[in-house]
$ cat structure-v1.pdb   # PDB, C-alpha atoms
ATOM      1  CA  MET K 137      91.377 -13.975  39.203
ATOM      2  CA  LYS K 138      92.860 -15.948  42.097
ATOM      3  CA  LYS K 139      96.274 -15.877  40.401
ATOM      4  CA  ILE K 140      96.135 -12.085  40.040
ATOM      5  CA  HIS K 141      95.102 -11.803  43.703
ATOM      6  CA  SER K 142      98.041 -13.957  44.811
ATOM      7  CA  LEU K 143     100.462 -11.885  42.711
ATOM      8  CA  ILE K 144      99.343  -8.600  44.288
ATOM      9  CA  TYR K 145      98.584  -9.823  47.809
ATOM     10  CA  ARG K 146     101.515 -12.162  48.294
ATOM     11  CA  SER K 147     100.797 -12.703  51.973
ATOM     12  CA  MET K 148      98.353 -11.747  54.704
ATOM     13  CA  ASN K 149     100.848  -9.083  55.729
ATOM     14  CA  HIS K 150     100.611  -7.512  52.284
ATOM     15  CA  GLU K 151      96.806  -7.586  52.460
ATOM     16  CA  ILE K 152      96.879  -5.686  55.750
ATOM     17  CA  HIS K 153      99.422  -3.166  54.432
ATOM     18  CA  TYR K 154      97.542  -2.459  51.198
ATOM     19  CA  ALA K 155      94.125  -2.411  52.894
ATOM     20  CA  MET K 156      95.420   0.156  55.392
ATOM     21  CA  SER K 157      96.811   2.239  52.516
ATOM     22  CA  PHE K 158      93.463   2.059  50.683
ATOM     23  CA  ILE K 159      91.491   3.004  53.797
ATOM     24  CA  GLY K 160      94.028   5.676  54.730
ATOM     25  CA  GLY K 161      93.600   7.361  51.364
ATOM     26  CA  GLY K 162      89.852   7.603  51.921
ATOM     27  CA  VAL K 163      90.129   8.954  55.461
ATOM     28  CA  GLU K 164      92.787  11.483  54.445
ATOM     29  CA  ILE K 165      90.711  12.881  51.584
ATOM     30  CA  ILE K 166      87.689  13.256  53.889
ATOM     31  CA  SER K 167      89.796  15.073  56.478
ATOM     32  CA  PHE K 168      91.183  17.316  53.734
ATOM     33  CA  ILE K 169      87.700  18.137  52.404
ATOM     34  CA  TYR K 170      85.801  18.608  55.662
ATOM     35  CA  LEU K 171      88.409  19.283  58.371
ATOM     36  CA  TYR K 172      89.915  22.419  56.839
ATOM     37  CA  LYS K 173      92.667  20.769  54.793
ATOM     38  CA  ALA K 174      93.951  18.915  57.853
ATOM     39  CA  LEU K 175      95.702  15.730  56.735
ATOM     40  CA  ILE K 176      95.349  13.793  59.974
ATOM     41  CA  GLY K 177      97.978  11.230  58.997
ATOM     42  CA  PHE K 178     100.624  13.649  57.701
ATOM     43  CA  MET K 179     101.998  15.992  60.326
ATOM     44  CA  THR K 180     104.396  17.831  57.989
ATOM     45  CA  SER K 181     101.508  19.311  56.006
ATOM     46  CA  ASN K 182      99.845  20.452  59.236
ATOM     47  CA  LEU K 183     103.123  22.033  60.352
ATOM     48  CA  ILE K 184     103.365  24.009  57.112
ATOM     49  CA  PHE K 185      99.743  25.199  57.375
ATOM     50  CA  GLY K 186     100.304  26.139  61.015
ATOM     51  CA  ILE K 187     103.524  28.061  60.371
ATOM     52  CA  ASN K 188     101.927  29.890  57.445
ATOM     53  CA  THR K 189      98.946  31.082  59.492
ATOM     54  CA  LEU K 190     101.118  32.060  62.475
ATOM     55  CA  ALA K 191     103.466  33.940  60.149
ATOM     56  CA  ASN K 192     100.506  36.053  59.053
ATOM     57  CA  GLY K 193     100.337  37.423  62.602
ATOM     58  CA  LYS K 194      97.020  35.864  63.648
ATOM     59  CA  PHE K 195      96.884  34.285  67.096
ATOM     60  CA  ASP K 196      93.363  32.879  67.274
ATOM     61  CA  PHE K 197      92.027  29.322  67.155
ATOM     62  CA  ILE K 198      92.150  29.279  63.352
ATOM     63  CA  SER K 199      95.876  30.042  63.409
ATOM     64  CA  ILE K 200      96.763  27.336  65.950
ATOM     65  CA  TYR K 201      94.354  24.658  64.634
ATOM     66  CA  HIS K 202      96.943  22.764  62.583
ATOM     67  CA  ILE K 203      99.614  23.137  65.273
ATOM     68  CA  LEU K 204      97.128  21.741  67.803
ATOM     69  CA  ILE K 205      96.705  18.656  65.604
ATOM     70  CA  ILE K 206     100.458  18.015  65.818
ATOM     71  CA  VAL K 207     100.409  18.451  69.609
ATOM     72  CA  ILE K 208      97.530  15.966  69.943
ATOM     73  CA  TRP K 209      99.381  13.523  67.651
ATOM     74  CA  MET K 210     102.473  13.730  69.867
ATOM     75  CA  LEU K 211     100.350  13.173  72.986
ATOM     76  CA  ILE K 212      98.839  10.058  71.392
ATOM     77  CA  ALA K 213     102.358   8.810  70.596
ATOM     78  CA  ALA K 214     103.434   9.475  74.198
ATOM     79  CA  VAL K 215     100.430   7.580  75.598
ATOM     80  CA  HIS K 216     101.225   4.698  73.250
ATOM     81  CA  GLN K 217     104.809   4.500  74.521
ATOM     82  CA  ILE K 218     103.634   4.623  78.147
ATOM     83  CA  MET K 219     101.256   1.742  77.413
ATOM     84  CA  ILE K 220     104.090  -0.263  75.835
ATOM     85  CA  ILE K 221     106.208   0.226  78.953
ATOM     86  CA  LYS K 222     103.339  -0.553  81.345
ATOM     87  CA  PHE K 223     102.157  -3.653  79.509
ATOM     88  CA  GLN K 224     105.506  -4.936  78.233
ATOM     89  CA  GLN K 225     105.008  -8.175  80.151
ATOM     90  CA  LEU K 226     101.806  -8.856  78.231
ATOM     91  CA  LYS K 227     102.477 -11.593  75.669
ATOM     92  CA  MET K 228     100.556 -11.922  72.429
ATOM     93  CA  LYS K 229      99.398 -15.478  71.758
ATOM     94  CA  THR K 230     100.319 -15.395  68.058
ATOM     95  CA  PRO K 231     102.020 -12.912  65.678
ATOM     96  CA  TRP K 232      98.519 -11.967  64.446
ATOM     97  CA  HIS K 233      97.059 -11.237  67.880
ATOM     98  CA  CYS K 234      98.268  -7.626  68.177
ATOM     99  CA  TYR K 235      97.185  -6.789  64.616
ATOM    100  CA  ALA K 236      93.748  -8.312  65.178
ATOM    101  CA  ILE K 237      93.205  -6.280  68.358
ATOM    102  CA  ALA K 238      94.415  -3.058  66.719
ATOM    103  CA  LEU K 239      92.193  -3.623  63.673
ATOM    104  CA  THR K 240      89.177  -4.295  65.892
ATOM    105  CA  ILE K 241      89.752  -1.048  67.801
ATOM    106  CA  ASN K 242      90.012   0.791  64.489
ATOM    107  CA  CYS K 243      86.666  -0.633  63.330
ATOM    108  CA  PHE K 244      84.983   1.123  66.255
ATOM    109  CA  LEU K 245      87.047   4.287  65.786
ATOM    110  CA  LEU K 246      86.216   4.546  62.090
ATOM    111  CA  GLY K 247      82.545   3.857  62.780
ATOM    112  CA  SER K 248      82.409   6.629  65.390
ATOM    113  CA  PHE K 249      84.359   8.977  63.094
ATOM    114  CA  ILE K 250      81.764   8.441  60.352
ATOM    115  CA  ILE K 251      78.725   8.897  62.609
ATOM    116  CA  LEU K 252      80.078  11.883  64.543
ATOM    117  CA  GLY K 253      81.424  13.520  61.396
ATOM    118  CA  GLN K 254      78.144  13.204  59.500
ATOM    119  CA  ARG K 255      76.144  14.544  62.448
ATOM    120  CA  MET K 256      78.430  17.536  62.762
ATOM    121  CA  LEU K 257      78.304  18.111  59.011
ATOM    122  CA  THR K 258      74.502  18.054  58.790
ATOM    123  CA  SER K 259      74.055  20.119  61.973
ATOM    124  CA  GLY K 260      76.348  22.854  60.724
ATOM    125  CA  ALA K 261      78.989  22.297  63.418
ATOM    126  CA  ILE K 262      81.542  21.929  60.627
ATOM    127  CA  GLY K 263      81.449  25.441  59.271
ATOM    128  CA  ALA K 264      83.602  27.591  57.048
ATOM    129  CA  GLU K 265      86.398  27.867  59.641
ATOM    130  CA  PRO K 266      87.700  25.527  62.356
ATOM    131  CA  THR K 267      86.323  25.932  65.886
ATOM    132  CA  PRO K 268      86.964  24.017  69.136
ATOM    133  CA  VAL K 269      83.753  22.064  68.450
ATOM    134  CA  VAL K 270      85.515  19.942  65.804
ATOM    135  CA  ILE K 271      88.368  18.859  68.097
ATOM    136  CA  PRO K 272      86.632  15.680  69.414
ATOM    137  CA  LEU K 273      86.165  14.554  65.802
ATOM    138  CA  VAL K 274      89.789  15.406  65.007
ATOM    139  CA  ILE K 275      91.012  13.439  68.051
ATOM    140  CA  ASN K 276      88.923  10.447  66.955
ATOM    141  CA  GLY K 277      90.476  10.606  63.498
ATOM    142  CA  LEU K 278      93.997  11.083  64.835
ATOM    143  CA  ILE K 279      93.789   8.000  67.078
ATOM    144  CA  PHE K 280      92.460   5.998  64.126
ATOM    145  CA  MET K 281      95.280   7.182  61.849
ATOM    146  CA  TYR K 282      97.914   6.570  64.522
ATOM    147  CA  ILE K 283      96.826   2.941  64.831
ATOM    148  CA  GLN K 284      96.585   2.684  61.045
ATOM    149  CA  ASN K 285     100.161   3.900  60.676
ATOM    150  CA  PHE K 286     101.275   1.490  63.406
ATOM    151  CA  LEU K 287      99.720  -1.381  61.441
ATOM    152  CA  ILE K 288     101.439  -0.294  58.236
ATOM    153  CA  LYS K 289     104.813   0.195  59.916
ATOM    154  CA  SER K 290     104.772  -3.119  61.788
ATOM    155  CA  GLY K 291     102.481  -5.144  59.533
ATOM    156  CA  GLY K 292     105.078  -7.772  58.752
ATOM    157  CA  THR K 293     105.911  -7.037  55.109
ATOM    158  CA  ASN K 294     109.586  -7.122  54.156
ATOM    159  CA  HIS K 295     109.439  -3.436  53.247
ATOM    160  CA  PRO K 296     107.072  -1.607  55.621
ATOM    161  CA  THR K 297     106.484   2.111  55.214
ATOM    162  CA  THR K 298     106.122   4.502  58.110
ATOM    163  CA  THR K 299     102.864   5.881  56.691
ATOM    164  CA  SER K 300     100.708   5.090  53.686
ATOM    165  CA  VAL K 301     102.432   7.570  51.390
ATOM    166  CA  VAL K 302     105.508   9.633  52.202
ATOM    167  CA  THR K 303     108.169  11.167  49.953
ATOM    168  CA  THR K 304     110.570   8.276  50.509
ATOM    169  CA  VAL K 305     108.015   5.826  49.110
ATOM    170  CA  TYR K 306     108.110   7.563  45.722
ATOM    171  CA  ILE K 307     111.898   7.646  45.733
ATOM    172  CA  LEU K 308     112.242   4.013  46.812
ATOM    173  CA  MET K 309     109.706   2.875  44.213
ATOM    174  CA  VAL K 310     111.545   4.537  41.315
ATOM    175  CA  THR K 311     115.003   3.582  42.628
ATOM    176  CA  LYS K 312     114.146  -0.099  43.027
ATOM    177  CA  ILE K 313     112.298  -0.434  39.721
ATOM    178  CA  VAL K 314     115.163   1.256  37.819
ATOM    179  CA  ALA K 315     117.673  -0.974  39.665
ATOM    180  CA  TYR K 316     115.940  -3.996  38.124
ATOM    181  CA  PHE K 317     117.322  -2.963  34.716
ATOM    182  CA  ASN K 318     120.910  -2.869  35.976
ATOM    183  CA  LYS K 319     122.331  -6.008  34.352
ATOM    184  CA  GLU K 320     125.493  -5.794  36.400
ATOM    185  CA  HIS K 321     123.474  -7.118  39.344
ATOM    186  CA  SER K 322     122.608 -10.797  39.726
ATOM    187  CA  GLN K 323     119.228 -12.072  38.604
ATOM    188  CA  SER K 324     118.144 -12.668  42.200
ATOM    189  CA  ASP K 325     119.121  -9.107  43.227
ATOM    190  CA  ARG K 326     117.284  -7.686  40.238
ATOM    191  CA  LYS K 327     114.165  -9.669  41.087
ATOM    192  CA  ALA K 328     114.370  -8.534  44.719
ATOM    193  CA  SER K 329     114.601  -4.911  43.547
ATOM    194  CA  LEU K 330     111.600  -5.348  41.262
ATOM    195  CA  ASP K 331     109.558  -6.970  44.037
ATOM    196  CA  GLU K 332     110.361  -4.124  46.413
ATOM    197  CA  GLY K 333     109.632  -1.457  43.811
ATOM    198  CA  THR K 334     106.344  -3.148  42.928
ATOM    199  CA  HIS K 335     105.431  -3.238  46.614
ATOM    200  CA  TYR K 336     105.830   0.534  46.919
ATOM    201  CA  LEU K 337     103.842   0.988  43.711
ATOM    202  CA  MET K 338     100.999  -1.072  45.210
ATOM    203  CA  VAL K 339     101.053   1.095  48.348
ATOM    204  CA  LEU K 340     100.741   4.244  46.230
ATOM    205  CA  LEU K 341      98.038   2.779  43.995
ATOM    206  CA  HIS K 342      95.893   1.553  46.880
ATOM    207  CA  PHE K 343      96.173   4.901  48.652
ATOM    208  CA  SER K 344      95.379   6.883  45.488
ATOM    209  CA  ILE K 345      92.442   4.688  44.456
ATOM    210  CA  GLY K 346      90.959   4.873  47.951
ATOM    211  CA  ALA K 347      91.277   8.663  47.987
ATOM    212  CA  PHE K 348      89.778   8.994  44.486
ATOM    213  CA  ILE K 349      86.761   6.801  45.226
ATOM    214  CA  ILE K 350      85.903   8.578  48.465
ATOM    215  CA  ALA K 351      86.428  12.016  46.903
ATOM    216  CA  LYS K 352      83.786  11.096  44.315
ATOM    217  CA  LEU K 353      81.370   9.572  46.844
ATOM    218  CA  SER K 354      81.752  12.395  49.363
ATOM    219  CA  ASP K 355      79.818  14.854  47.180
ATOM    220  CA  ALA K 356      76.678  12.794  47.674
ATOM    221  CA  PHE K 357      77.275  11.008  50.979
ATOM    222  CA  GLY K 358      79.642  13.143  53.043
ATOM    223  CA  PHE K 359      81.244  11.193  55.883
ATOM    224  CA  TYR K 360      78.966   8.251  55.102
ATOM    225  CA  SER K 361      81.096   7.632  52.001
ATOM    226  CA  LEU K 362      83.657   6.127  54.410
ATOM    227  CA  GLY K 363      81.192   3.296  54.972
ATOM    228  CA  LEU K 364      82.941   1.545  52.082
ATOM    229  CA  MET K 365      86.241   1.798  53.954
ATOM    230  CA  LEU K 366      84.586   0.480  57.111
ATOM    231  CA  LEU K 367      83.399  -2.602  55.206
ATOM    232  CA  VAL K 368      86.926  -3.226  53.909
ATOM    233  CA  LEU K 369      88.300  -2.773  57.423
ATOM    234  CA  ILE K 370      85.786  -5.209  58.929
ATOM    235  CA  PHE K 371      86.621  -7.748  56.229
ATOM    236  CA  ILE K 372      90.383  -7.554  56.820
ATOM    237  CA  THR K 373      89.793  -7.653  60.600
ATOM    238  CA  PHE K 374      87.859 -10.914  60.334
ATOM    239  CA  LYS K 375      90.592 -12.369  58.114
ATOM    240  CA  THR K 376      93.239 -11.395  60.675
ATOM    241  CA  TRP K 377      91.302 -12.956  63.567
ATOM    242  CA  ARG K 378      90.917 -16.106  61.470
ATOM    243  CA  ALA K 379      94.688 -16.152  60.834
ATOM    244  CA  HIS K 380      95.206 -15.747  64.581
ATOM    245  CA  LYS K 381      92.900 -18.665  65.396
ATOM    246  CA  THR K 382      94.518 -20.851  62.723
ATOM    247  CA  SER K 383      97.957 -20.054  64.133
ATOM    248  CA  LEU K 384      96.748 -20.916  67.644
ATOM    249  CA  ARG K 385      95.379 -24.238  66.429
ATOM    250  CA  ASP K 386      98.610 -25.067  64.619
ATOM    251  CA  ASP K 387     100.612 -24.318  67.774
ATOM    252  CA  VAL K 388      98.401 -26.684  69.775
ATOM    253  CA  ILE K 389      98.867 -29.442  67.177
ATOM    254  CA  LYS K 390     102.657 -29.006  67.289
ATOM    255  CA  GLU K 391     102.633 -29.348  71.064
TER     256      GLU K 391
END

$ encode --input "structure-v1.pdb" --output "structure tokens"
Amino acid sequence: MKKIHSLIYRSMNHEIHYAMSFIGGGVEIISFIYLYKALIGFMTSNLIFGINTLANGKFDFISIYHILIIVIWMLIAAVHQIMIIKFQQLKMKTPWHCYAIALTINCFLLGSFIILGQRMLTSGAIGAEPTPVVIPLVINGLIFMYIQNFLIKSGGTNHPTTTSVVTTVYILMVTKIVAYFNKEHSQSDRKASLDEGTHYLMVLLHFSIGAFIIAKLSDAFGFYSLGLMLLVLIFITFKTWRAHKTSLRDDVIKE
């Protein structure tokens, strides 16, 4: 079992990347089911929904709902960049420090997303059509997914993806796996291609499995089904803080 674990999760960076993909799949399927097909981590789908409704000539909240999600996402990105500029002098103590902080923030964000979402679901605030009442929940989810995507993009693997699952991931997976069978390449290049292709496959599998599990659980538990994802997130957060502390201790010993 340990050998299989080490083959799949080749480093702590891979664990973070795959855990975020697994959790992201669950959060995305919940947002799709309960937040009017809004994929809060994939802005292209929201753009298509928004354009389609606007093209039908309706100019009410329902028609701008998906466009509003994109606007909020861009505002979050802008705030993030402003924070980077303002706190650029702030030094992280170890390479794990930033990830540990971001994961901790996401634990609270996911917890609040679950509680607020379930309350709104049971109270009837989440109705047949989107209303301004759901926007605080959407903002909560968008901030969570933004940080999640940041962790995936900068999580330290040799082949990070910009989000859990995008079109390029499918293409890269197939391209790299097929390249492994090209015997004109050296053995080391072929192995590197296979490793990269397998990495993208693991991203897709973790995302898909997470989405499938939560889709099944959501029928009975609603937003509370994401409690499983919260447990996974807490677990990986503790592991990251432990890696941070170990790295700190090693630096002290070297000095």

$ atom_distance --input "structure-v1.pdb" --atom1 "CA of Ala261 (chain K)" --atom2 "CA of Glu164 (chain K)"
19.7 Å

$ residues_around --input "structure-v1.pdb" --residues "region 217-229 of chain K" --least-positions-apart "5" --cutoff "10 Å" --atoms "only C-alpha atoms" --output "list in words"
Leu211, Ile212, Cys234, Tyr235, His380, Lys381, Ser383, Leu384 and Asp387 of chain K

$ closest_residue --input "structure-v1.pdb" --among "K:Ile262, K:Gly277, K:Ile144, K:Asn149" --to "Ala236 (chain K)" --atoms "only C-alpha atoms"
K:Asn149

$ residues_around --input "structure-v1.pdb" --residues "Leu190 (chain K)" --least-positions-apart "5" --cutoff "9 Å" --atoms "all atoms listed in the file" --output "compact mmCIF listing (two decimals) with C-alpha atoms, keeping the file's coordinate frame"
# COMPACT_ATOMS: atom_id res chain seq x y z
CA PHE K 185 99.74 25.20 57.38
CA PHE K 195 96.88 34.28 67.10
CA SER K 199 95.88 30.04 63.41
CA ILE K 200 96.76 27.34 65.95

$ closest_atom_pairs --input "structure-v1.pdb" --of "region 149-228 of chain K" --to "region 245-254 of chain K" --cutoff "12 Å" --atoms "only C-alpha atoms" --output "Markdown table"
| residue | atom | partner | partner_atom | distance |
| --- | --- | --- | --- | --- |
| K:Ile159 | CA | K:Leu246 | CA | 9.9 |
| K:Gly160 | CA | K:Leu246 | CA | 10.8 |
| K:Gly162 | CA | K:Leu246 | CA | 11.2 |
| K:Val163 | CA | K:Leu246 | CA | 8.9 |
| K:Ile166 | CA | K:Gly253 | CA | 9.8 |
| K:Ser167 | CA | K:Gly253 | CA | 9.8 |
| K:Ile169 | CA | K:Gly253 | CA | 11.9 |
| K:Tyr170 | CA | K:Gly253 | CA | 8.8 |
| K:Leu171 | CA | K:Gly253 | CA | 9.5 |

$ atom_distance --input "structure-v1.pdb" --atom1 "CA of Ile205 (chain K)" --atom2 "CA of Lys352 (chain K)"
26.0 Å

$ closest_residue --input "structure-v1.pdb" --among "K:His150, K:Pro268, K:Arg255, K:Val215" --to "Tyr360 (chain K)" --atoms "all atoms listed in the file"
K:Arg255
